[in-house]
Amino acid sequence: ACKTSVYVTGTAEGKKIAVKKTDFGKNKFVLVKTEKLETPVYLLKESEEIYSAVLMLCTHKGCELNASGGFLVCPCHGSEFSATGKVMNPPADKDLQKFTVTTDINNIYIQL
């Protein structure tokens, strides 16, 4: 089933970006936009309190990635990455930039 990616705006708080847990709804991931970064951050909900975040920028030639079926795909040269940023198919040979993620009762914090 084709689902549209959900974009949310992260709130800059010093060296971190805050995202409300309620922004996820029933989604497994959201794409976080912020003025601090050129491309969105793919924020994956792994469980109720465990999240991972990667920059949606291909490590091959710097193209912005597309979220597709649990993978991140580069529209420029076809590199594919797992939802947690691991290279699955070349030509990229480096994993995506990861961010440390913490949570509290209401928010998810992406450390920049």
# chains A, B, ... in the order shown; residues from 1 in each chain; ligands from 1
>>> select_by_dssp(residues="range 37-112 of chain A", states="strand (DSSP E or B)", output="ChimeraX atom specification")
/A:41-45,51-55,57,64,66-68,71-73,80-82,87-89,98-99,101-103,107-111
>>> residues_around(residues="range 32-46 of chain A", least_positions_apart="3", cutoff="8 Å", atoms="only C-alpha atoms", output="list of chain:residue names")
A:Tyr7, A:Val8, A:Thr9, A:Gly10, A:Thr11, A:Ala12, A:Ile17, A:Val19, A:Lys28, A:Phe29, A:Glu49, A:Ile50, A:Tyr51, A:Ser52, A:Ala53, A:Val54, A:Leu55, A:Met56, A:Leu57, A:Glu64, A:Ala83, A:Thr84
>>> residues_around(residues="Ala18 in chain A", least_positions_apart="2", cutoff="7 Å", atoms="only C-alpha atoms", output="PyMOL selection string")
chain A and resi 10-13+16+20+107-110
>>> residues_around(residues="Cys74 in chain A", least_positions_apart="6", cutoff="9 Å", atoms="only C-alpha atoms", output="list of chain:residue names")
A:Leu57, A:Cys58, A:Cys63, A:Glu64, A:Leu65, A:Asn66, A:Glu80, A:Phe81
>>> atom_distance(atom1="CA of Asp93 in chain A", atom2="CA of Ala67 in chain A")
18.7 Å
>>> closest_residue(among="A:Thr103, A:Ser5, A:Asn89, A:Asn27", to="Val73 in chain A", atoms="only C-alpha atoms")
A:Asn89
>>> atom_distance(atom1="CA of Asp23 in chain A", atom2="CA of Lys98 in chain A")
20.7 Å
>>> closest_residue(among="A:Ser79, A:Asn106, A:Ser47, A:Thr100", to="Lys61 in chain A", atoms="only C-alpha atoms")
A:Ser79
>>> residues_around(residues="Pro91 in chain A", least_positions_apart="4", cutoff="8 Å", atoms="only C-alpha atoms", output="CSV table (one decimal) with C-alpha atoms, in the first residue's frame")
chain,number,residue,atom,x,y,z
A,60,HIS,CA,27.4,8.9,-2.5
A,77,HIS,CA,22.0,7.0,-8.6
A,78,GLY,CA,19.8,4.3,-6.9
A,79,SER,CA,21.6,3.7,-3.6
